[in-house]
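Dropping query_9.pdb in here (PDB, C-alpha atoms and all ligand atoms):
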ATOM      1  CA  MET A  27      -5.018 -20.370  -0.254
ATOM      2  CA  TYR A  28      -3.627 -17.138  -1.705
ATOM      3  CA  ASN A  29      -0.981 -15.695   0.619
ATOM      4  CA  LEU A  30      -0.633 -11.965   1.114
ATOM      5  CA  VAL A  31       1.876  -9.911   3.047
ATOM      6  CA  VAL A  32       0.889  -6.301   3.758
ATOM      7  CA  PHE A  33       3.397  -3.514   4.456
ATOM      8  CA  ALA A  34       2.063  -0.447   6.300
ATOM      9  CA  SER A  35       3.711   2.531   8.013
ATOM     10  CA  GLY A  36       0.752   4.313   9.591
ATOM     11  CA  ASN A  37      -2.932   4.193  10.445
ATOM     12  CA  GLY A  38      -3.688   1.046   8.482
ATOM     13  CA  SER A  39      -7.211   1.783   7.258
ATOM     14  CA  THR A  40      -6.229   0.221   3.928
ATOM     15  CA  LEU A  41      -5.017  -2.895   5.735
ATOM     16  CA  GLN A  42      -8.328  -2.899   7.625
ATOM     17  CA  ALA A  43     -10.240  -2.904   4.330
ATOM     18  CA  ILE A  44      -8.249  -5.926   3.127
ATOM     19  CA  ILE A  45      -8.893  -7.736   6.427
ATOM     20  CA  GLY A  46     -12.614  -6.895   6.222
ATOM     21  CA  ASN A  47     -12.883  -8.225   2.687
ATOM     22  CA  ILE A  48     -11.127 -11.457   3.662
ATOM     23  CA  GLU A  49     -13.403 -11.900   6.648
ATOM     24  CA  ASN A  50     -16.581 -11.270   4.625
ATOM     25  CA  GLY A  51     -15.479 -13.751   1.958
ATOM     26  CA  THR A  52     -14.862 -11.250  -0.871
ATOM     27  CA  LEU A  53     -11.146 -12.087  -0.946
ATOM     28  CA  SER A  54     -10.082 -15.743  -0.788
ATOM     29  CA  ALA A  55      -6.758 -14.978   0.838
ATOM     30  CA  ASN A  56      -4.729 -15.096   4.044
ATOM     31  CA  ILE A  57      -2.619 -12.261   5.369
ATOM     32  CA  ARG A  58       0.492 -14.141   6.470
ATOM     33  CA  LEU A  59       2.266 -11.120   7.922
ATOM     34  CA  VAL A  60       1.902  -7.379   8.419
ATOM     35  CA  VAL A  61       5.260  -5.601   8.177
ATOM     36  CA  SER A  62       5.987  -2.077   9.385
ATOM     37  CA  ASP A  63       8.997   0.204   9.590
ATOM     38  CA  ASN A  64       7.176   2.127  12.343
ATOM     39  CA  PRO A  65       6.798   0.413  15.736
ATOM     40  CA  ASN A  66       3.973   2.827  16.608
ATOM     41  CA  ALA A  67       1.935   2.218  13.456
ATOM     42  CA  TYR A  68      -1.710   1.667  14.321
ATOM     43  CA  ALA A  69      -1.732  -0.842  11.461
ATOM     44  CA  LEU A  70       0.134  -3.220  13.806
ATOM     45  CA  GLU A  71      -2.668  -2.991  16.392
ATOM     46  CA  ARG A  72      -5.253  -3.669  13.698
ATOM     47  CA  ALA A  73      -3.352  -6.786  12.629
ATOM     48  CA  LYS A  74      -2.991  -8.049  16.214
ATOM     49  CA  ALA A  75      -6.718  -7.558  16.798
ATOM     50  CA  HIS A  76      -7.311 -10.061  13.983
ATOM     51  CA  ASN A  77      -4.582 -12.500  15.100
ATOM     52  CA  ILE A  78      -2.390 -11.639  12.117
ATOM     53  CA  PRO A  79       1.368 -11.935  12.802
ATOM     54  CA  THR A  80       3.302  -8.672  12.712
ATOM     55  CA  TYR A  81       6.917  -7.741  12.119
ATOM     56  CA  VAL A  82       8.666  -4.442  12.864
ATOM     57  CA  ILE A  83      11.757  -3.761  10.767
ATOM     58  CA  LYS A  84      14.905  -3.210  12.818
ATOM     59  CA  ALA A  85      17.313  -2.080  10.099
ATOM     60  CA  LYS A  86      17.948   1.614   9.658
ATOM     61  CA  THR A  87      19.417   1.681   6.160
ATOM     62  CA  PHE A  88      18.004   0.804   2.761
ATOM     63  CA  LYS A  89      20.484  -2.025   2.165
ATOM     64  CA  GLU A  90      20.128  -3.562   5.638
ATOM     65  CA  ARG A  91      16.349  -3.331   5.380
ATOM     66  CA  ASP A  92      16.407  -5.277   2.112
ATOM     67  CA  ILE A  93      18.587  -8.032   3.636
ATOM     68  CA  GLU A  94      16.510  -8.228   6.837
ATOM     69  CA  LEU A  95      13.209  -8.394   4.977
ATOM     70  CA  SER A  96      14.386 -10.985   2.491
ATOM     71  CA  GLU A  97      15.375 -13.235   5.417
ATOM     72  CA  VAL A  98      12.111 -12.707   7.301
ATOM     73  CA  LEU A  99       9.940 -13.207   4.215
ATOM     74  CA  SER A 100      11.826 -16.302   3.036
ATOM     75  CA  LYS A 101      10.238 -18.226   5.928
ATOM     76  CA  ILE A 102       6.619 -17.796   4.784
ATOM     77  CA  PRO A 103       4.661 -18.616   1.621
ATOM     78  CA  ILE A 104       3.873 -15.434  -0.326
ATOM     79  CA  ASN A 105       1.933 -14.872  -3.538
ATOM     80  CA  LEU A 106       1.673 -11.090  -3.384
ATOM     81  CA  ILE A 107       3.039  -8.231  -1.282
ATOM     82  CA  VAL A 108       0.738  -5.225  -0.933
ATOM     83  CA  LEU A 109       2.125  -1.831   0.093
ATOM     84  CA  ALA A 110      -0.739  -0.147   1.929
ATOM     85  CA  GLY A 111       0.572   3.215   3.094
ATOM     86  CA  TYR A 112       4.175   1.976   3.377
ATOM     87  CA  LEU A 113       6.644   4.815   2.976
ATOM     88  CA  LYS A 114      10.047   3.197   2.468
ATOM     89  CA  MET A 115      11.636   2.237  -0.836
ATOM     90  CA  ILE A 116      11.722  -1.485  -1.671
ATOM     91  CA  GLY A 117      15.179  -3.021  -2.199
ATOM     92  CA  PRO A 118      16.498  -5.221  -5.023
ATOM     93  CA  LYS A 119      16.309  -8.547  -3.153
ATOM     94  CA  LEU A 120      12.562  -8.184  -2.642
ATOM     95  CA  LEU A 121      11.956  -6.791  -6.129
ATOM     96  CA  GLU A 122      13.760  -9.785  -7.632
ATOM     97  CA  LYS A 123      11.824 -12.403  -5.712
ATOM     98  CA  TYR A 124       8.282 -11.089  -5.194
ATOM     99  CA  THR A 125       5.392  -9.428  -6.973
ATOM    100  CA  LEU A 126       4.701  -6.189  -5.127
ATOM    101  CA  ILE A 127       1.914  -3.682  -5.681
ATOM    102  CA  ASN A 128       1.385  -0.242  -4.175
ATOM    103  CA  THR A 129      -1.649   1.965  -3.824
ATOM    104  CA  HIS A 130      -1.083   5.694  -4.249
ATOM    105  CA  PRO A 131      -3.676   8.421  -3.572
ATOM    106  CA  SER A 132      -3.367  10.395  -6.838
ATOM    107  CA  LEU A 133      -3.602   9.916 -10.579
ATOM    108  CA  LEU A 134       0.036   9.025 -11.226
ATOM    109  CA  PRO A 135       2.310  10.219 -12.768
ATOM    110  CA  LYS A 136       0.888  13.382 -11.200
ATOM    111  CA  TYR A 137       1.664  13.970  -7.511
ATOM    112  CA  GLY A 138       3.987  11.007  -7.041
ATOM    113  CA  GLY A 139       7.610  10.584  -6.021
ATOM    114  CA  LYS A 140       9.630  11.047  -2.859
ATOM    115  CA  GLY A 141       7.787  12.899  -0.088
ATOM    116  CA  MET A 142       4.467  12.556  -1.891
ATOM    117  CA  HIS A 143       2.352  10.495   0.437
ATOM    118  CA  GLY A 144      -0.934  10.752   2.286
ATOM    119  CA  MET A 145      -2.033  14.279   3.134
ATOM    120  CA  ASN A 146       0.919  15.894   1.284
ATOM    121  CA  VAL A 147      -0.550  14.545  -1.944
ATOM    122  CA  HIS A 148      -4.071  15.813  -1.239
ATOM    123  CA  GLN A 149      -2.831  19.268  -0.187
ATOM    124  CA  ALA A 150      -0.776  19.560  -3.391
ATOM    125  CA  VAL A 151      -3.815  18.606  -5.483
ATOM    126  CA  ILE A 152      -5.968  21.219  -3.683
ATOM    127  CA  ASP A 153      -3.262  23.908  -4.025
ATOM    128  CA  ALA A 154      -3.042  23.258  -7.782
ATOM    129  CA  HIS A 155      -6.856  23.546  -8.170
ATOM    130  CA  GLU A 156      -7.010  20.220  -9.985
ATOM    131  CA  PRO A 157     -10.507  19.249 -11.129
ATOM    132  CA  TYR A 158      -9.714  15.576 -10.508
ATOM    133  CA  SER A 159      -7.612  13.416  -8.272
ATOM    134  CA  GLY A 160      -7.905   9.696  -7.689
ATOM    135  CA  VAL A 161      -6.219   6.430  -6.953
ATOM    136  CA  THR A 162      -3.462   4.527  -8.743
ATOM    137  CA  VAL A 163      -2.610   0.910  -8.026
ATOM    138  CA  HIS A 164       0.688  -0.020  -9.642
ATOM    139  CA  PHE A 165       3.495  -2.566  -9.602
ATOM    140  CA  VAL A 166       6.441  -1.571  -7.426
ATOM    141  CA  ASN A 167       9.854  -1.031  -8.968
ATOM    142  CA  SER A 168      13.072   0.616  -7.815
ATOM    143  CA  GLU A 169      11.710   4.174  -8.036
ATOM    144  CA  TYR A 170       8.977   5.813  -5.955
ATOM    145  CA  ASP A 171       5.576   5.576  -7.703
ATOM    146  CA  LYS A 172       7.084   4.756 -11.104
ATOM    147  CA  GLY A 173       6.093   1.099 -11.623
ATOM    148  CA  THR A 174       3.663  -0.025 -14.323
ATOM    149  CA  ILE A 175       0.138   1.159 -13.611
ATOM    150  CA  ILE A 176      -2.443  -1.584 -13.053
ATOM    151  CA  SER A 177      -5.565   0.558 -12.621
ATOM    152  CA  GLN A 178      -6.742   4.058 -11.791
ATOM    153  CA  THR A 179      -9.957   5.541 -10.408
ATOM    154  CA  LYS A 180     -10.813   9.203 -10.944
ATOM    155  CA  VAL A 181     -12.291  11.215  -8.060
ATOM    156  CA  ALA A 182     -13.746  14.693  -8.686
ATOM    157  CA  VAL A 183     -12.310  17.533  -6.599
ATOM    158  CA  ASP A 184     -15.067  19.958  -5.529
ATOM    159  CA  LYS A 185     -14.381  23.677  -5.066
ATOM    160  CA  THR A 186     -15.214  23.281  -1.367
ATOM    161  CA  ASP A 187     -12.880  20.300  -0.824
ATOM    162  CA  THR A 188     -10.053  20.526   1.688
ATOM    163  CA  ALA A 189      -7.122  18.107   1.828
ATOM    164  CA  GLU A 190      -9.035  16.237   4.559
ATOM    165  CA  SER A 191     -12.308  15.913   2.650
ATOM    166  CA  LEU A 192     -10.466  14.942  -0.529
ATOM    167  CA  SER A 193      -8.472  12.337   1.403
ATOM    168  CA  ALA A 194     -11.709  10.803   2.708
ATOM    169  CA  LYS A 195     -13.172  10.568  -0.815
ATOM    170  CA  VAL A 196      -9.981   9.169  -2.337
ATOM    171  CA  GLN A 197      -9.559   6.612   0.444
ATOM    172  CA  ARG A 198     -13.130   5.368  -0.035
ATOM    173  CA  ALA A 199     -12.440   4.786  -3.743
ATOM    174  CA  GLU A 200      -9.000   3.374  -2.980
ATOM    175  CA  LYS A 201     -10.245   0.569  -0.762
ATOM    176  CA  ILE A 202     -12.695  -0.639  -3.409
ATOM    177  CA  GLN A 203     -10.112  -0.419  -6.175
ATOM    178  CA  LEU A 204      -7.344  -2.167  -4.239
ATOM    179  CA  VAL A 205      -9.613  -5.037  -3.222
ATOM    180  CA  ASN A 206     -10.656  -5.438  -6.892
ATOM    181  CA  VAL A 207      -7.018  -5.556  -7.989
ATOM    182  CA  ILE A 208      -6.114  -8.124  -5.323
ATOM    183  CA  ASN A 209      -9.084 -10.203  -6.468
ATOM    184  CA  ASP A 210      -7.777 -10.038 -10.033
ATOM    185  CA  PHE A 211      -4.450 -11.429  -8.822
ATOM    186  CA  ILE A 212      -6.187 -14.198  -6.866
ATOM    187  CA  ASN A 213      -8.264 -15.127  -9.925
ATOM    188  CA  GLY A 214      -5.233 -15.114 -12.200
ATOM    189  CA  ASN A 215      -6.427 -12.128 -14.225
ATOM    190  CA  LEU A 216      -3.229 -10.155 -13.668
TER     191      LEU A 216
HETATM  192  C1  LIG A 301      -3.362   5.577   1.633
HETATM  193  O1  LIG A 301      -4.260   6.535   1.124
HETATM  194  C2  LIG A 301      -2.288   5.278   0.617
HETATM  195  O2  LIG A 301      -2.684   5.476  -0.703
HETATM  196  C3  LIG A 301      -1.248   6.305   0.945
HETATM  197  O3  LIG A 301      -1.237   6.375   2.331
HETATM  198  C4  LIG A 301      -2.562   6.126   2.800
HETATM  199  C5  LIG A 301      -2.449   5.142   3.928
HETATM  200  O4  LIG A 301      -3.575   5.184   4.733
HETATM  201  N1  LIG A 301       0.013   5.903   0.401
HETATM  202  C6  LIG A 301       0.875   6.761  -0.108
HETATM  203  O5  LIG A 301       0.699   7.949  -0.099
HETATM  204  C7  LIG A 301       2.125   6.116  -0.699
HETATM  205  N2  LIG A 301       2.853   7.044  -1.483
HETATM  206  P1  LIG A 301      -3.791   4.082   5.858
HETATM  207  O6  LIG A 301      -2.551   4.042   6.721
HETATM  208  O7  LIG A 301      -5.002   4.531   6.626
HETATM  209  O8  LIG A 301      -3.992   2.760   5.164
END
Any chance you could put this one into structure tokens?
Amino acid sequence: MYNLVVFASGNGSTLQAIIGNIENGTLSANIRLVVSDNPNAYALERAKAHNIPTYVIKAKTFKERDIELSEVLSKIPINLIVLAGYLKMIGPKLLEKYTLINTHPSLLPKYGGKGMHGMNVHQAVIDAHEPYSGVTVHFVNSEYDKGTIISQTKVAVDKTDTAESLSAKVQRAEKIQLVNVINDFINGNL
């Protein structure tokens, strides 16, 4: 079985999409662990509701977080780590040992980098009157949103869109795209 670990800091609707696609047989995978830096993340409740083990990071610094996570993760089999709305930088120990991918709600390299997450991204796209936004799934490296791009989906921005309506459209596309990318990993196509 293909073993996934999902990192999430917030609501966890992306995690929920992965769980749903495992449960309906689209993804032949197990989620071994859901990791969060935020003890109040709703993603943790979603995991518990599906009997998926959870882990809340205790460390407060980048370096300590890397050491703590490398110890915790060393105890479980992992093929792929998916960042699904996880907002912290990944440290060198994890980058060295694991394949990590991230989903970002814009057409990178536009609207990426530190502080660019979730609604901040969509508001910036609306403020700039962009005709398109979208989704980027990419490998994770030592810089925010700078890893090699795996795939992108374009989403049209309508004149009447708000950050909220754009977010809803992008997140719909994002869930489909991310599941497709994970499937490509499972099938050895990536
Ligand atoms: C997702 O749209 C994801 O792309 C974004 O946060 C959202 C998480 O939603 N991630 C980033 O912005 C990372 N820079 P969720 O908590 O409902 O899954």
All residues within 7 Å of ligand LIG 301 (chain A) are required, counting only C-alpha atoms and all ligand atoms; please report them as a PyMOL selection string.
-> chain A and resi 34-41+69+110-113+129-131+138+142-144+147+171+197
Fewer than 2 positions away in the same chain doesn't count, so skip those; otherwise give me all residues within 10 Å of Ser54 in chain A, counting only C-alpha atoms, as a ChimeraX atom specification.
-> /A:27-29,47-52,56,208-209,212-213
Between CA of Phe33 in chain A and CA of Ile152 in chain A, measure the distance and give it in Å to one decimal.
->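 Spanning CA of Phe33 in chain A to CA of Ile152 in chain A is a straight-line distance of 27.7 Å.
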May I have the residues within 7 Å of Tyr81 in chain A as a list in words, using only C-alpha atoms and disregarding those fewer than 4 positions away in the same chain?
->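 Those residues are Val60, Val61 and Ser62 of chain A.
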Residues of the last selection are to be written out with C-alpha atoms, as an mmCIF file, in the frame of the given file.
data_model
loop_
_atom_site.group_PDB
_atom_site.id
_atom_site.type_symbol
_atom_site.label_atom_id
_atom_site.label_comp_id
_atom_site.auth_asym_id
_atom_site.auth_seq_id
_atom_site.Cartn_x
_atom_site.Cartn_y
_atom_site.Cartn_z
ATOM 1 C CA VAL A 60 1.902 -7.379 8.419
ATOM 2 C CA VAL A 61 5.260 -5.601 8.177
ATOM 3 C CA SER A 62 5.987 -2.077 9.385
#
Expansion of the PyMOL selection byres (((chain A and resi 137) around 12) and not hetatm) into residues, as a PDB file with C-alpha atoms, keeping the file's coordinate frame:
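This is the output file expr-v2.pdb:
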ATOM      1  CA  HIS A 130      -1.083   5.694  -4.249  1.00  0.00           C
ATOM      2  CA  PRO A 131      -3.676   8.421  -3.572  1.00  0.00           C
ATOM      3  CA  SER A 132      -3.367  10.395  -6.838  1.00  0.00           C
ATOM      4  CA  LEU A 133      -3.602   9.916 -10.579  1.00  0.00           C
ATOM      5  CA  LEU A 134       0.036   9.025 -11.226  1.00  0.00           C
ATOM      6  CA  PRO A 135       2.310  10.219 -12.768  1.00  0.00           C
ATOM      7  CA  LYS A 136       0.888  13.382 -11.200  1.00  0.00           C
ATOM      8  CA  GLY A 138       3.987  11.007  -7.041  1.00  0.00           C
ATOM      9  CA  GLY A 139       7.610  10.584  -6.021  1.00  0.00           C
ATOM     10  CA  LYS A 140       9.630  11.047  -2.859  1.00  0.00           C
ATOM     11  CA  GLY A 141       7.787  12.899  -0.088  1.00  0.00           C
ATOM     12  CA  MET A 142       4.467  12.556  -1.891  1.00  0.00           C
ATOM     13  CA  HIS A 143       2.352  10.495   0.437  1.00  0.00           C
ATOM     14  CA  GLY A 144      -0.934  10.752   2.286  1.00  0.00           C
ATOM     15  CA  MET A 145      -2.033  14.279   3.134  1.00  0.00           C
ATOM     16  CA  ASN A 146       0.919  15.894   1.284  1.00  0.00           C
ATOM     17  CA  VAL A 147      -0.550  14.545  -1.944  1.00  0.00           C
ATOM     18  CA  HIS A 148      -4.071  15.813  -1.239  1.00  0.00           C
ATOM     19  CA  GLN A 149      -2.831  19.268  -0.187  1.00  0.00           C
ATOM     20  CA  ALA A 150      -0.776  19.560  -3.391  1.00  0.00           C
ATOM     21  CA  VAL A 151      -3.815  18.606  -5.483  1.00  0.00           C
ATOM     22  CA  ILE A 152      -5.968  21.219  -3.683  1.00  0.00           C
ATOM     23  CA  ASP A 153      -3.262  23.908  -4.025  1.00  0.00           C
ATOM     24  CA  ALA A 154      -3.042  23.258  -7.782  1.00  0.00           C
ATOM     25  CA  GLU A 156      -7.010  20.220  -9.985  1.00  0.00           C
ATOM     26  CA  TYR A 158      -9.714  15.576 -10.508  1.00  0.00           C
ATOM     27  CA  SER A 159      -7.612  13.416  -8.272  1.00  0.00           C
ATOM     28  CA  GLY A 160      -7.905   9.696  -7.689  1.00  0.00           C
ATOM     29  CA  VAL A 161      -6.219   6.430  -6.953  1.00  0.00           C
ATOM     30  CA  THR A 162      -3.462   4.527  -8.743  1.00  0.00           C
ATOM     31  CA  TYR A 170       8.977   5.813  -5.955  1.00  0.00           C
ATOM     32  CA  ASP A 171       5.576   5.576  -7.703  1.00  0.00           C
ATOM     33  CA  LYS A 172       7.084   4.756 -11.104  1.00  0.00           C
TER      34      LYS A 172
END
Counting only C-alpha atoms, the option among A:Asp92, A:Ser193, A:Thr179, A:Gln42 closest to Tyr68 in chain A =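 Smallest separation from Tyr68 in chain A among the options: A:Gln42.
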Go ahead and compute the interatomic distance for CA of Gln178 in chain A and CA of Ile104 in chain A, in Å to one decimal.
->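 Interatomic distance here is 25.0 Å.
This file gives the following result for the PyMOL selection byres (((chain A and resi 58) around 7) and not hetatm): Asn29, Leu30, Val31, Asn56, Ile57, Leu59, Ile78 and Pro79 of chain A.
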Could you write out as a list of chain:residue names the residues that the PyMOL selection byres (((chain A and resi 127) around 7) and not hetatm) matches in the shown file?
->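 Here the PyMOL selection byres (((chain A and resi 127) around 7) and not hetatm) matches A:Ile107, A:Val108, A:Leu109, A:Thr125, A:Leu126, A:Asn128, A:Thr129, A:Val163, A:His164, A:Phe165, A:Val166.
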Could you tell me how far CA of Gln203 in chain A lies from CA of Ile176 in chain A, in Å and to one decimal?
->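 So the two atoms, CA of Gln203 in chain A and CA of Ile176 in chain A, lie 10.4 Å apart.
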Please define a box with edges along x, y and z of the file around all atoms of range 96-103 of chain A given in the file, extend it by 3 Å on each side, and return its centre and edge lengths in Å to one decimal, as AutoDock Vina command-line options.
--center_x 10.0 --center_y -14.8 --center_z 4.5 --size_x 16.7 --size_y 13.6 --size_z 11.7
Choose the residue, out of A:Ser177, A:Thr188, A:Asn77, A:Ser96, that has the smallest atom-to-atom separation from Pro118 in chain A; count only C-alpha atoms.
->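 The shortest atom-to-atom distance to Pro118 in chain A comes from A:Ser96.
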Nearest to Asp63 in chain A: which of A:Lys185, A:Arg91, A:Lys101, A:His155 is it, counting only C-alpha atoms?
->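 Checking each of A:Lys185, A:Arg91, A:Lys101, A:His155 against Asp63 in chain A, counting only C-alpha atoms, the winner is A:Arg91.
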Please identify all polymer residues within 8 Å of Asn167 in chain A, counting all atoms listed in the file, omitting same-chain residues fewer than 5 positions from it, and present them as a VMD selection string.
-> chain A and resid 116 121 172 to 173
Which of these residues is nearest to Val82 in chain A, using all atoms listed in the file: A:Lys123, A:Asn64, A:Lys201, A:Glu94?
->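 Ranked by minimum distance to Val82 in chain A, first place goes to A:Asn64.
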Restricting the calculation to only C-alpha atoms, which member of A:Pro157, A:Thr186, A:Gly46, A:Lys114 is positioned closest to Ala85 in chain A?
->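 Among the listed residues, the smallest separation from Ala85 in chain A belongs to A:Lys114.
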Point out the residue among A:Ile175, A:Val207, A:Val181, A:Ile44 with the least atom-to-atom distance to Ala194 in chain A, counting all atoms listed in the file.
->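 The shortest atom-to-atom distance to Ala194 in chain A comes from A:Val181.
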Selection: 8 Å around Met115 in chain A, only C-alpha atoms, excl. self and same-chain fewer than 4 positions, as JSON, numbers by chain = {"A": [88, 168, 169, 170]}
Give me range 140-163 of chain A with N, CA and C atoms filled in, as a PDB file, keeping the file's coordinate frame.
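See selection.pdb below for the written result:
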ATOM      1  N   LYS A 140       9.183  10.958  -4.253  1.00  0.00           N
ATOM      2  CA  LYS A 140       9.630  11.047  -2.859  1.00  0.00           C
ATOM      3  C   LYS A 140       8.909  12.176  -2.119  1.00  0.00           C
ATOM      4  N   GLY A 141       8.462  11.889  -0.916  1.00  0.00           N
ATOM      5  CA  GLY A 141       7.787  12.899  -0.088  1.00  0.00           C
ATOM      6  C   GLY A 141       6.313  13.045  -0.411  1.00  0.00           C
ATOM      7  N   MET A 142       5.875  12.449  -1.513  1.00  0.00           N
ATOM      8  CA  MET A 142       4.467  12.556  -1.891  1.00  0.00           C
ATOM      9  C   MET A 142       3.705  11.365  -1.319  1.00  0.00           C
ATOM     10  N   HIS A 143       3.155  11.559  -0.148  1.00  0.00           N
ATOM     11  CA  HIS A 143       2.352  10.495   0.437  1.00  0.00           C
ATOM     12  C   HIS A 143       1.248  11.120   1.276  1.00  0.00           C
ATOM     13  N   GLY A 144       0.174  10.350   1.418  1.00  0.00           N
ATOM     14  CA  GLY A 144      -0.934  10.752   2.286  1.00  0.00           C
ATOM     15  C   GLY A 144      -1.382  12.189   2.067  1.00  0.00           C
ATOM     16  N   MET A 145      -1.456  12.931   3.171  1.00  0.00           N
ATOM     17  CA  MET A 145      -2.033  14.279   3.134  1.00  0.00           C
ATOM     18  C   MET A 145      -1.214  15.247   2.274  1.00  0.00           C
ATOM     19  N   ASN A 146       0.095  15.022   2.149  1.00  0.00           N
ATOM     20  CA  ASN A 146       0.919  15.894   1.284  1.00  0.00           C
ATOM     21  C   ASN A 146       0.383  15.883  -0.141  1.00  0.00           C
ATOM     22  N   VAL A 147      -0.031  14.699  -0.585  1.00  0.00           N
ATOM     23  CA  VAL A 147      -0.550  14.545  -1.944  1.00  0.00           C
ATOM     24  C   VAL A 147      -1.850  15.351  -2.082  1.00  0.00           C
ATOM     25  N   HIS A 148      -2.760  15.154  -1.135  1.00  0.00           N
ATOM     26  CA  HIS A 148      -4.071  15.813  -1.239  1.00  0.00           C
ATOM     27  C   HIS A 148      -3.941  17.332  -1.158  1.00  0.00           C
ATOM     28  N   GLN A 149      -3.033  17.811  -0.298  1.00  0.00           N
ATOM     29  CA  GLN A 149      -2.831  19.268  -0.187  1.00  0.00           C
ATOM     30  C   GLN A 149      -2.279  19.834  -1.497  1.00  0.00           C
ATOM     31  N   ALA A 150      -1.355  19.094  -2.115  1.00  0.00           N
ATOM     32  CA  ALA A 150      -0.776  19.560  -3.391  1.00  0.00           C
ATOM     33  C   ALA A 150      -1.843  19.608  -4.482  1.00  0.00           C
ATOM     34  N   VAL A 151      -2.729  18.649  -4.484  1.00  0.00           N
ATOM     35  CA  VAL A 151      -3.815  18.606  -5.483  1.00  0.00           C
ATOM     36  C   VAL A 151      -4.761  19.801  -5.272  1.00  0.00           C
ATOM     37  N   ILE A 152      -5.094  20.072  -4.011  1.00  0.00           N
ATOM     38  CA  ILE A 152      -5.968  21.219  -3.683  1.00  0.00           C
ATOM     39  C   ILE A 152      -5.273  22.522  -4.080  1.00  0.00           C
ATOM     40  N   ASP A 153      -3.999  22.675  -3.733  1.00  0.00           N
ATOM     41  CA  ASP A 153      -3.262  23.908  -4.025  1.00  0.00           C
ATOM     42  C   ASP A 153      -3.186  24.170  -5.527  1.00  0.00           C
ATOM     43  N   ALA A 154      -3.149  23.098  -6.320  1.00  0.00           N
ATOM     44  CA  ALA A 154      -3.042  23.258  -7.782  1.00  0.00           C
ATOM     45  C   ALA A 154      -4.418  23.408  -8.447  1.00  0.00           C
ATOM     46  N   HIS A 155      -5.478  23.413  -7.646  1.00  0.00           N
ATOM     47  CA  HIS A 155      -6.856  23.546  -8.170  1.00  0.00           C
ATOM     48  C   HIS A 155      -7.165  22.519  -9.249  1.00  0.00           C
ATOM     49  N   GLU A 156      -6.732  21.295  -9.022  1.00  0.00           N
ATOM     50  CA  GLU A 156      -7.010  20.220  -9.985  1.00  0.00           C
ATOM     51  C   GLU A 156      -8.512  19.897  -9.969  1.00  0.00           C
ATOM     52  N   PRO A 157      -9.097  19.651 -11.128  1.00  0.00           N
ATOM     53  CA  PRO A 157     -10.507  19.249 -11.129  1.00  0.00           C
ATOM     54  C   PRO A 157     -10.700  17.787 -10.710  1.00  0.00           C
ATOM     55  N   TYR A 158      -9.634  16.994 -10.861  1.00  0.00           N
ATOM     56  CA  TYR A 158      -9.714  15.576 -10.508  1.00  0.00           C
ATOM     57  C   TYR A 158      -8.487  15.129  -9.735  1.00  0.00           C
ATOM     58  N   SER A 159      -8.706  14.189  -8.824  1.00  0.00           N
ATOM     59  CA  SER A 159      -7.612  13.416  -8.272  1.00  0.00           C
ATOM     60  C   SER A 159      -8.011  11.955  -8.406  1.00  0.00           C
ATOM     61  N   GLY A 160      -7.496  11.089  -7.567  1.00  0.00           N
ATOM     62  CA  GLY A 160      -7.905   9.696  -7.689  1.00  0.00           C
ATOM     63  C   GLY A 160      -6.950   8.743  -7.035  1.00  0.00           C
ATOM     64  N   VAL A 161      -6.989   7.527  -7.530  1.00  0.00           N
ATOM     65  CA  VAL A 161      -6.219   6.430  -6.953  1.00  0.00           C
ATOM     66  C   VAL A 161      -5.458   5.730  -8.073  1.00  0.00           C
ATOM     67  N   THR A 162      -4.218   5.356  -7.799  1.00  0.00           N
ATOM     68  CA  THR A 162      -3.462   4.527  -8.743  1.00  0.00           C
ATOM     69  C   THR A 162      -2.937   3.304  -8.005  1.00  0.00           C
ATOM     70  N   VAL A 163      -3.250   2.131  -8.525  1.00  0.00           N
ATOM     71  CA  VAL A 163      -2.610   0.910  -8.026  1.00  0.00           C
ATOM     72  C   VAL A 163      -1.607   0.486  -9.090  1.00  0.00           C
TER      73      VAL A 163
END
